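Just coords-v2.txt here, compact mmCIF, C-alpha atoms:
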# COMPACT_ATOMS: atom_id res chain seq x y z
CA MET J 1 5.93 12.57 1.33
CA GLN J 2 7.50 10.22 -1.18
CA ASN J 3 5.26 8.74 -3.86
CA LYS J 4 4.42 5.06 -3.60
CA GLN J 5 6.98 2.93 -5.41
CA ILE J 6 5.86 -0.01 -7.57
CA ALA J 7 8.19 -2.60 -9.07
CA VAL J 8 7.16 -3.79 -12.54
CA ILE J 9 8.53 -7.10 -13.78
CA LEU J 10 8.91 -7.48 -17.53
CA ALA J 11 9.54 -10.66 -19.51
CA GLY J 12 10.92 -9.38 -22.82
CA CYS J 13 9.19 -7.37 -25.53
CA GLY J 14 6.28 -8.67 -27.61
CA HIS J 15 3.22 -10.68 -26.63
CA GLN J 16 4.19 -13.97 -28.29
CA ASP J 17 7.58 -14.38 -26.60
CA GLY J 18 7.89 -11.53 -24.09
CA SER J 19 5.83 -8.92 -22.26
CA GLU J 20 2.65 -7.70 -23.93
CA ILE J 21 3.55 -4.14 -24.90
CA HIS J 22 0.10 -2.57 -24.45
CA GLU J 23 -0.36 -4.16 -21.03
CA ALA J 24 3.11 -3.13 -19.87
CA THR J 25 2.92 0.42 -21.21
CA LEU J 26 -0.60 1.08 -19.95
CA THR J 27 0.37 -0.27 -16.52
CA LEU J 28 3.23 2.23 -16.38
CA TRP J 29 0.82 4.97 -17.51
CA ALA J 30 -1.70 4.04 -14.81
CA ILE J 31 0.97 4.06 -12.11
CA HIS J 32 1.96 7.63 -12.96
CA LYS J 33 -1.67 8.67 -13.51
CA HIS J 34 -2.49 7.72 -9.93
CA GLY J 35 0.49 9.55 -8.43
CA ALA J 36 2.87 6.65 -7.87
CA ASP J 37 6.28 5.86 -9.39
CA TYR J 38 7.63 2.68 -10.94
CA HIS J 39 10.89 0.92 -11.62
CA CYS J 40 11.22 -1.91 -14.10
CA PHE J 41 13.07 -5.19 -13.65
CA ALA J 42 13.61 -8.29 -15.81
CA PRO J 43 15.70 -11.45 -15.50
CA ASP J 44 19.06 -11.42 -17.29
CA ILE J 45 18.40 -14.68 -19.13
CA GLN J 46 17.88 -15.87 -22.68
CA GLN J 47 14.32 -15.96 -24.01
CA HIS J 48 12.86 -19.44 -24.42
CA HIS J 49 12.59 -18.69 -28.15
CA VAL J 50 12.06 -15.79 -30.55
CA LEU J 51 8.89 -15.62 -32.64
CA ASN J 52 8.09 -13.64 -35.75
CA HIS J 53 5.13 -11.52 -34.62
CA ILE J 54 3.66 -11.45 -38.14
CA THR J 55 3.76 -15.17 -38.92
CA GLY J 56 4.03 -16.68 -35.44
CA GLN J 57 6.92 -18.81 -36.68
CA GLU J 58 10.04 -19.42 -34.60
CA MET J 59 13.11 -17.50 -35.73
CA ASP J 60 16.68 -18.80 -35.76
CA GLU J 61 18.08 -16.32 -33.27
CA THR J 62 18.45 -15.71 -29.55
CA ARG J 63 17.49 -12.68 -27.49
CA ASN J 64 18.07 -11.65 -23.89
CA VAL J 65 14.98 -10.99 -21.74
CA LEU J 66 16.52 -8.03 -19.90
CA VAL J 67 17.82 -6.40 -23.09
CA GLU J 68 14.49 -6.85 -24.89
CA ALA J 69 12.49 -5.56 -21.90
CA ALA J 70 14.64 -2.43 -21.94
CA ARG J 71 12.84 -1.50 -25.19
CA ILE J 72 9.64 -0.98 -23.16
CA SER J 73 11.29 0.77 -20.22
CA ARG J 74 13.42 3.02 -22.47
CA GLY J 75 16.58 1.55 -20.96
CA ASN J 76 15.69 2.35 -17.35
CA ILE J 77 15.68 -1.20 -16.03
CA GLN J 78 17.61 -3.47 -13.69
CA ASP J 79 18.34 -7.17 -13.40
CA LEU J 80 15.60 -8.94 -11.46
CA ASN J 81 18.09 -10.12 -8.86
CA MET J 82 18.52 -6.49 -7.74
CA LEU J 83 14.88 -6.25 -6.63
CA LYS J 84 14.28 -6.20 -2.88
CA ALA J 85 10.75 -6.15 -1.46
CA LYS J 86 11.73 -3.67 1.28
CA ASN J 87 12.39 -0.99 -1.34
CA PHE J 88 8.92 -1.06 -2.89
CA ASP J 89 5.29 -0.67 -1.87
CA GLY J 90 3.91 -3.13 -4.43
CA LEU J 91 4.66 -5.37 -7.40
CA VAL J 92 3.06 -5.72 -10.84
CA ILE J 93 3.59 -8.40 -13.49
CA PRO J 94 2.15 -7.54 -16.92
CA GLY J 95 1.12 -10.39 -19.18
CA GLY J 96 2.25 -11.65 -22.55
CA PHE J 97 3.49 -15.16 -23.16
CA GLY J 98 6.90 -14.19 -21.82
CA ALA J 99 5.32 -14.59 -18.37
CA ALA J 100 4.50 -18.18 -19.32
CA LYS J 101 7.74 -18.90 -21.24
CA ASN J 102 10.51 -16.79 -19.67
CA LEU J 103 9.27 -16.06 -16.13
CA SER J 104 7.78 -19.53 -15.77
CA SER J 105 7.34 -22.76 -17.71
CA TYR J 106 3.53 -22.53 -17.69
CA ALA J 107 3.24 -22.47 -21.49
CA PHE J 108 4.86 -25.92 -21.63
CA ASP J 109 4.08 -27.56 -18.28
CA GLY J 110 0.69 -26.16 -17.29
CA ALA J 111 -0.17 -26.74 -13.64
CA ASP J 112 3.15 -28.57 -13.16
CA CYS J 113 5.13 -25.47 -14.14
CA THR J 114 8.10 -23.99 -12.36
CA VAL J 115 8.75 -20.27 -11.76
CA ASN J 116 12.01 -18.37 -12.21
CA LYS J 117 13.75 -18.64 -8.82
CA GLU J 118 14.37 -14.91 -8.46
CA LEU J 119 10.75 -14.13 -9.29
CA GLU J 120 9.57 -16.79 -6.84
CA ARG J 121 11.69 -15.19 -4.12
CA ILE J 122 10.36 -11.73 -4.88
CA VAL J 123 6.70 -12.76 -4.93
CA GLN J 124 7.16 -14.55 -1.61
CA GLU J 125 8.96 -11.55 -0.07
CA VAL J 126 6.36 -9.02 -1.21
CA HIS J 127 3.50 -11.25 -0.10
CA ALA J 128 5.08 -11.94 3.30
CA ALA J 129 5.54 -8.19 3.79
CA GLY J 130 1.80 -7.65 3.27
CA LYS J 131 2.30 -5.54 0.16
CA PRO J 132 -0.05 -5.75 -2.85
CA ILE J 133 0.74 -7.67 -6.02
CA GLY J 134 -0.96 -7.15 -9.37
CA ALA J 135 -0.89 -9.49 -12.38
CA LEU J 136 -2.37 -9.06 -15.84
CA CYS J 137 -3.48 -11.49 -18.55
CA ILE J 138 -1.67 -14.87 -18.19
CA ALA J 139 0.67 -13.64 -15.40
CA PRO J 140 -1.73 -14.64 -12.57
CA VAL J 141 -0.67 -18.26 -13.13
CA VAL J 142 2.69 -17.29 -11.62
CA LEU J 143 0.94 -16.18 -8.44
CA ALA J 144 -1.06 -19.41 -8.32
CA ARG J 145 2.11 -21.49 -8.64
CA VAL J 146 4.04 -19.54 -5.98
CA LEU J 147 1.29 -18.71 -3.47
CA GLY J 148 -1.25 -21.54 -3.90
CA ASP J 149 -4.51 -20.74 -2.10
CA VAL J 150 -5.34 -17.39 -3.68
CA THR J 151 -8.23 -16.01 -5.76
CA LEU J 152 -7.38 -14.85 -9.28
CA THR J 153 -8.81 -14.18 -12.73
CA ILE J 154 -7.56 -14.88 -16.23
CA GLY J 155 -10.93 -14.06 -17.79
CA GLN J 156 -12.94 -16.95 -19.24
CA ASP J 157 -10.39 -19.54 -20.43
CA GLU J 158 -11.49 -22.84 -18.91
CA THR J 159 -8.19 -24.68 -19.32
CA THR J 160 -6.18 -21.98 -17.57
CA ALA J 161 -8.85 -21.59 -14.89
CA ASP J 162 -8.71 -25.34 -14.25
CA ASN J 163 -4.92 -25.18 -13.98
CA ILE J 164 -5.18 -22.40 -11.40
CA VAL J 165 -7.44 -24.69 -9.35
CA ARG J 166 -4.96 -27.56 -9.78
CA MET J 167 -2.26 -25.29 -8.37
CA GLY J 168 -4.39 -24.68 -5.28
CA GLY J 169 -6.05 -21.42 -6.26
CA LYS J 170 -9.57 -20.25 -6.96
CA HIS J 171 -10.66 -18.70 -10.24
CA SER J 172 -13.23 -15.94 -10.70
CA ALA J 173 -14.47 -15.32 -14.25
CA THR J 174 -14.31 -11.75 -15.56
CA MET J 175 -14.92 -9.67 -18.66
CA GLN J 176 -12.86 -6.91 -20.29
CA GLY J 177 -11.59 -4.23 -17.93
CA GLU J 178 -12.76 -6.01 -14.80
CA ILE J 179 -10.55 -6.91 -11.86
CA VAL J 180 -10.62 -9.50 -9.10
CA VAL J 181 -9.35 -8.42 -5.69
CA ASP J 182 -8.18 -11.03 -3.19
CA THR J 183 -8.32 -8.78 -0.14
CA ALA J 184 -6.86 -11.33 2.29
CA ASN J 185 -3.76 -11.86 0.13
CA LYS J 186 -3.62 -8.32 -1.33
CA LEU J 187 -3.71 -9.57 -4.93
CA VAL J 188 -5.33 -7.82 -7.88
CA THR J 189 -5.71 -9.50 -11.28
CA THR J 190 -7.30 -8.56 -14.61
CA PRO J 191 -7.75 -10.60 -17.83
CA CYS J 192 -6.59 -8.19 -20.56
CA TYR J 193 -5.74 -10.11 -23.77
CA MET J 194 -6.84 -13.44 -22.33
CA LEU J 195 -10.13 -12.10 -23.71
CA ASP J 196 -10.76 -10.63 -27.16
CA SER J 197 -10.03 -7.07 -26.05
CA ARG J 198 -9.46 -3.62 -27.52
CA VAL J 199 -6.53 -1.51 -26.37
CA ASP J 200 -8.84 0.88 -24.49
CA GLN J 201 -10.17 -2.11 -22.52
CA ILE J 202 -6.58 -3.08 -21.69
CA GLY J 203 -6.09 0.45 -20.38
CA GLN J 204 -9.24 0.22 -18.30
CA GLY J 205 -8.10 -3.05 -16.74
CA ALA J 206 -4.62 -1.74 -15.98
CA ASP J 207 -6.07 1.46 -14.51
CA ASN J 208 -8.51 -0.43 -12.29
CA LEU J 209 -5.76 -2.79 -11.16
CA VAL J 210 -3.29 -0.07 -10.22
CA LYS J 211 -5.98 1.99 -8.45
CA ALA J 212 -7.02 -1.06 -6.37
CA MET J 213 -3.40 -1.79 -5.46
CA LEU J 214 -2.79 1.77 -4.31
CA GLU J 215 -5.91 1.64 -2.12
CA MET J 216 -4.35 -1.34 -0.31
CA MET J 217 -1.11 0.48 0.46
Please re-express this file's structure in structure tokens.
Amino acid sequence: MQNKQIAVILAGCGHQDGSEIHEATLTLWAIHKHGADYHCFAPDIQQHHVLNHITGQEMDETRNVLVEAARISRGNIQDLNMLKAKNFDGLVIPGGFGAAKNLSSYAFDGADCTVNKELERIVQEVHAAGKPIGALCIAPVVLARVLGDVTLTIGQDETTADNIVRMGGKHSATMQGEIVVDTANKLVTTPCYMLDSRVDQIGQGADNLVKAMLEMM
């Protein structure tokens, strides 16, 4: 019997302007740990901006989200527009501010944000097919924007929790490593670096999330 196949959507490389590397890598680790397989995707677009990860200052250069995400996936990655829900058993979106800057405009527009059209299509397709979706850190805001009346967690941040409510969702507060499961909508979310977390706590959250997703399949 073929292993369960999970699509992982990346948003670049680096927590300030792309995918959070610990969250992405530990999600991939958890998928293999629990006997499933993954394939990575990212949009072939320019990053919103490039930040120096030491100073936090914007740099005078441009980078491509797909090319940068390939650093995490070791080159084994496809353009997001190649992703079809029928080919996968579930979908995971790691966090990092790339989810709020490159996959959506949440970092700038809050509850009035828009979501990358290809990602919006994919989330809708996977959800309509009754397949589970996982989101880590800030990425649950994408699910709130696309799906509306769902239950999610981003940890304890009141502003983000309020924005999830404004987008039609419900927020459940969590601590490090915990998950929230919306059984009706087959969604699993975990706060990761939305809280002051250690890397082992990120691993625990990713592991719990992937395990819960696989139990829904």
Please determine, counting all atoms listed in the file, which residue among J:Ala212, J:Ala206, J:His48, J:Asn116 has the shortest atom-to-atom distance to Ala30 of chain J. J:Ala206
As AutoDock Vina command-line options, please: the centre and edge lengths in Å, to one decimal, of an axis-aligned box enclosing every listed atom of segment 81-100 of chain J with 6 Å added on each side.
--center_x 9.8 --center_y -9.4 --center_z -10.9 --size_x 29.4 --size_y 29.5 --size_z 36.4
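Nearest residue to Thr189 of chain J, choosing from J:Ile72, J:Val150, J:Val67, J:Ala111 and counting only C-alpha atoms: J:Val150.
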Pick from J:Met217, J:Met82, J:Val141, J:Met194: nearest to Asp162 of chain J, with all atoms listed in the file counted? J:Val141
Contact residues around Arg166 of chain J with all atoms listed in the file at 10 Å, ignoring same-chain residues under 6 positions, as a list in words: Gly110, Ala111, Asp112, Ala144, Arg145, Gly148 and Thr160 of chain J
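Across J:Phe41, J:Phe108, J:Phe88, J:Phe97, the tightest approach to Ile133 of chain J is made by J:Phe88 when counting only C-alpha atoms.
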Polymer residues at most 10 Å from Lys84 of chain J, only C-alpha atoms, same-chain spacing of 6 or more positions, as number ranges by chain: J: 7, 121-122, 125-126
Determine, counting all atoms listed in the file, which protein, DNA and RNA residues have an atom within 9 Å of an atom of Val181 of chain J; residues of the same chain fewer than 6 positions away are not included. Present the result as a PDB file with C-alpha atoms, keeping the file's coordinate frame.
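Writing the result to selection15.pdb gives the following:
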ATOM      1  CA  THR J 151      -8.230 -16.010  -5.760  1.00  0.00           C
ATOM      2  CA  LEU J 152      -7.380 -14.850  -9.280  1.00  0.00           C
ATOM      3  CA  LEU J 187      -3.710  -9.570  -4.930  1.00  0.00           C
ATOM      4  CA  VAL J 188      -5.330  -7.820  -7.880  1.00  0.00           C
ATOM      5  CA  THR J 189      -5.710  -9.500 -11.280  1.00  0.00           C
ATOM      6  CA  LEU J 209      -5.760  -2.790 -11.160  1.00  0.00           C
ATOM      7  CA  ALA J 212      -7.020  -1.060  -6.370  1.00  0.00           C
ATOM      8  CA  MET J 213      -3.400  -1.790  -5.460  1.00  0.00           C
TER       9      MET J 213
END
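Ranking J:Thr114, J:Asn81, J:Gln5, J:Ser73 by their shortest atom-to-atom distance to Thr25 of chain J, with all atoms listed in the file included, puts J:Ser73 first.
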At a cut-off of 12 Å around the point (4.9, -11.0, -33.0) (file coordinates), what residues fall inside when counting only C-alpha atoms? I'd like the answer as a PyMOL selection string. chain J and resi 12-21+49-59+96-98
Point (12.6, -0.4, -13.4), cut-off 6 Å, counting all atoms listed in the file, residues as a PyMOL selection string: chain J and resi 39-41+76-78
Output C-alpha atoms for every residue in that selection, as a short mmCIF file (atom, residue, chain, number, x, y, z; two decimals), in the frame of the given file.
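Below is the file that was written, part_10.cif:
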data_model
loop_
_atom_site.label_atom_id
_atom_site.label_comp_id
_atom_site.auth_asym_id
_atom_site.auth_seq_id
_atom_site.Cartn_x
_atom_site.Cartn_y
_atom_site.Cartn_z
CA HIS J 39 10.89 0.92 -11.62
CA CYS J 40 11.22 -1.91 -14.10
CA PHE J 41 13.07 -5.19 -13.65
CA ASN J 76 15.69 2.35 -17.35
CA ILE J 77 15.68 -1.20 -16.03
CA GLN J 78 17.61 -3.47 -13.69
#
Selected residue, from J:Gln47, J:Thr190, J:Thr27, J:Asn102, that lies nearest to Glu178 of chain J when counting all atoms listed in the file: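 Nearest to Glu178 of chain J: J:Thr190.
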Within 6 Å of Val8 of chain J, counting all atoms listed in the file, which residues show up once you throw out same-chain ones fewer than 4 positions away? Write them as a ChimeraX atom specification, please. /J:40,91-93
Output of the above residues as a compact mmCIF listing (two decimals), keeping the file's coordinate frame, restricted to C-alpha atoms:
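Written file, selection-v6.txt:
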# COMPACT_ATOMS: atom_id res chain seq x y z
CA CYS J 40 11.22 -1.91 -14.10
CA LEU J 91 4.66 -5.37 -7.40
CA VAL J 92 3.06 -5.72 -10.84
CA ILE J 93 3.59 -8.40 -13.49
Using all atoms listed in the file, which protein or nucleic acid residues come within 7 Å of Val146 of chain J? Drop anything in the same chain fewer than 3 positions from it, and give the result as a ChimeraX atom specification. /J:120,142-143
Could you tell me how far atom CA of Leu195 of chain J sits from atom CA of Pro132 of chain J, in Å to one decimal place?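 Going from atom CA of Pro132 of chain J over to atom CA of Leu195 of chain J covers 24.0 Å.
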Have a look at atom CA of Gly177 of chain J and atom CA of Asp37 of chain J and let me know their distance in Å, one decimal. 22.2 Å
Could you rebuild segment 192-217 of chain J with N, CA and C atoms and give me the result as a PDB file, in the frame of the given file?
ATOM      1  N   CYS J 192      -7.224  -8.785 -19.386  1.00  0.00           N
ATOM      2  CA  CYS J 192      -6.590  -8.190 -20.560  1.00  0.00           C
ATOM      3  C   CYS J 192      -6.771  -9.027 -21.823  1.00  0.00           C
ATOM      4  N   TYR J 193      -5.653  -9.405 -22.486  1.00  0.00           N
ATOM      5  CA  TYR J 193      -5.740 -10.110 -23.770  1.00  0.00           C
ATOM      6  C   TYR J 193      -6.003 -11.613 -23.638  1.00  0.00           C
ATOM      7  N   MET J 194      -6.297 -12.090 -22.441  1.00  0.00           N
ATOM      8  CA  MET J 194      -6.840 -13.440 -22.330  1.00  0.00           C
ATOM      9  C   MET J 194      -8.263 -13.468 -22.888  1.00  0.00           C
ATOM     10  N   LEU J 195      -8.850 -12.275 -23.028  1.00  0.00           N
ATOM     11  CA  LEU J 195     -10.130 -12.100 -23.710  1.00  0.00           C
ATOM     12  C   LEU J 195      -9.876 -11.360 -25.024  1.00  0.00           C
ATOM     13  N   ASP J 196     -10.845 -11.375 -25.906  1.00  0.00           N
ATOM     14  CA  ASP J 196     -10.760 -10.630 -27.160  1.00  0.00           C
ATOM     15  C   ASP J 196     -11.003  -9.155 -26.835  1.00  0.00           C
ATOM     16  N   SER J 197      -9.922  -8.417 -26.606  1.00  0.00           N
ATOM     17  CA  SER J 197     -10.030  -7.070 -26.050  1.00  0.00           C
ATOM     18  C   SER J 197      -9.479  -6.017 -26.996  1.00  0.00           C
ATOM     19  N   ARG J 198     -10.001  -4.794 -26.846  1.00  0.00           N
ATOM     20  CA  ARG J 198      -9.460  -3.620 -27.520  1.00  0.00           C
ATOM     21  C   ARG J 198      -8.425  -2.968 -26.600  1.00  0.00           C
ATOM     22  N   VAL J 199      -7.588  -2.126 -27.168  1.00  0.00           N
ATOM     23  CA  VAL J 199      -6.530  -1.510 -26.370  1.00  0.00           C
ATOM     24  C   VAL J 199      -7.103  -0.595 -25.288  1.00  0.00           C
ATOM     25  N   ASP J 200      -8.254   0.046 -25.538  1.00  0.00           N
ATOM     26  CA  ASP J 200      -8.840   0.880 -24.490  1.00  0.00           C
ATOM     27  C   ASP J 200      -9.318   0.037 -23.314  1.00  0.00           C
ATOM     28  N   GLN J 201      -9.758  -1.199 -23.598  1.00  0.00           N
ATOM     29  CA  GLN J 201     -10.170  -2.110 -22.520  1.00  0.00           C
ATOM     30  C   GLN J 201      -8.963  -2.594 -21.724  1.00  0.00           C
ATOM     31  N   ILE J 202      -7.819  -2.747 -22.395  1.00  0.00           N
ATOM     32  CA  ILE J 202      -6.580  -3.080 -21.690  1.00  0.00           C
ATOM     33  C   ILE J 202      -6.226  -1.940 -20.735  1.00  0.00           C
ATOM     34  N   GLY J 203      -6.357  -0.706 -21.225  1.00  0.00           N
ATOM     35  CA  GLY J 203      -6.090   0.450 -20.380  1.00  0.00           C
ATOM     36  C   GLY J 203      -7.012   0.525 -19.185  1.00  0.00           C
ATOM     37  N   GLN J 204      -8.270   0.203 -19.407  1.00  0.00           N
ATOM     38  CA  GLN J 204      -9.240   0.220 -18.300  1.00  0.00           C
ATOM     39  C   GLN J 204      -8.866  -0.814 -17.246  1.00  0.00           C
ATOM     40  N   GLY J 205      -8.490  -2.014 -17.685  1.00  0.00           N
ATOM     41  CA  GLY J 205      -8.100  -3.050 -16.740  1.00  0.00           C
ATOM     42  C   GLY J 205      -6.855  -2.679 -15.955  1.00  0.00           C
ATOM     43  N   ALA J 206      -5.856  -2.150 -16.653  1.00  0.00           N
ATOM     44  CA  ALA J 206      -4.620  -1.740 -15.980  1.00  0.00           C
ATOM     45  C   ALA J 206      -4.900  -0.613 -14.986  1.00  0.00           C
ATOM     46  N   ASP J 207      -5.726   0.341 -15.378  1.00  0.00           N
ATOM     47  CA  ASP J 207      -6.070   1.460 -14.510  1.00  0.00           C
ATOM     48  C   ASP J 207      -6.796   0.981 -13.261  1.00  0.00           C
ATOM     49  N   ASN J 208      -7.775   0.106 -13.434  1.00  0.00           N
ATOM     50  CA  ASN J 208      -8.510  -0.430 -12.290  1.00  0.00           C
ATOM     51  C   ASN J 208      -7.599  -1.220 -11.359  1.00  0.00           C
ATOM     52  N   LEU J 209      -6.675  -1.980 -11.951  1.00  0.00           N
ATOM     53  CA  LEU J 209      -5.760  -2.790 -11.160  1.00  0.00           C
ATOM     54  C   LEU J 209      -4.839  -1.913 -10.317  1.00  0.00           C
ATOM     55  N   VAL J 210      -4.224  -0.931 -10.936  1.00  0.00           N
ATOM     56  CA  VAL J 210      -3.290  -0.070 -10.220  1.00  0.00           C
ATOM     57  C   VAL J 210      -4.026   0.728  -9.121  1.00  0.00           C
ATOM     58  N   LYS J 211      -5.191   1.237  -9.435  1.00  0.00           N
ATOM     59  CA  LYS J 211      -5.980   1.990  -8.450  1.00  0.00           C
ATOM     60  C   LYS J 211      -6.300   1.118  -7.224  1.00  0.00           C
ATOM     61  N   ALA J 212      -6.700  -0.145  -7.476  1.00  0.00           N
ATOM     62  CA  ALA J 212      -7.020  -1.060  -6.370  1.00  0.00           C
ATOM     63  C   ALA J 212      -5.785  -1.376  -5.533  1.00  0.00           C
ATOM     64  N   MET J 213      -4.648  -1.539  -6.199  1.00  0.00           N
ATOM     65  CA  MET J 213      -3.400  -1.790  -5.460  1.00  0.00           C
ATOM     66  C   MET J 213      -3.050  -0.612  -4.557  1.00  0.00           C
ATOM     67  N   LEU J 214      -3.156   0.585  -5.092  1.00  0.00           N
ATOM     68  CA  LEU J 214      -2.790   1.770  -4.310  1.00  0.00           C
ATOM     69  C   LEU J 214      -3.715   1.941  -3.105  1.00  0.00           C
ATOM     70  N   GLU J 215      -4.973   1.560  -3.252  1.00  0.00           N
ATOM     71  CA  GLU J 215      -5.910   1.640  -2.120  1.00  0.00           C
ATOM     72  C   GLU J 215      -5.545   0.676  -1.002  1.00  0.00           C
ATOM     73  N   MET J 216      -4.788  -0.372  -1.327  1.00  0.00           N
ATOM     74  CA  MET J 216      -4.350  -1.340  -0.310  1.00  0.00           C
ATOM     75  C   MET J 216      -3.099  -0.898   0.420  1.00  0.00           C
ATOM     76  N   MET J 217      -2.398   0.096  -0.122  1.00  0.00           N
ATOM     77  CA  MET J 217      -1.110   0.480   0.460  1.00  0.00           C
ATOM     78  C   MET J 217      -1.302   1.401   1.671  1.00  0.00           C
TER      79      MET J 217
END
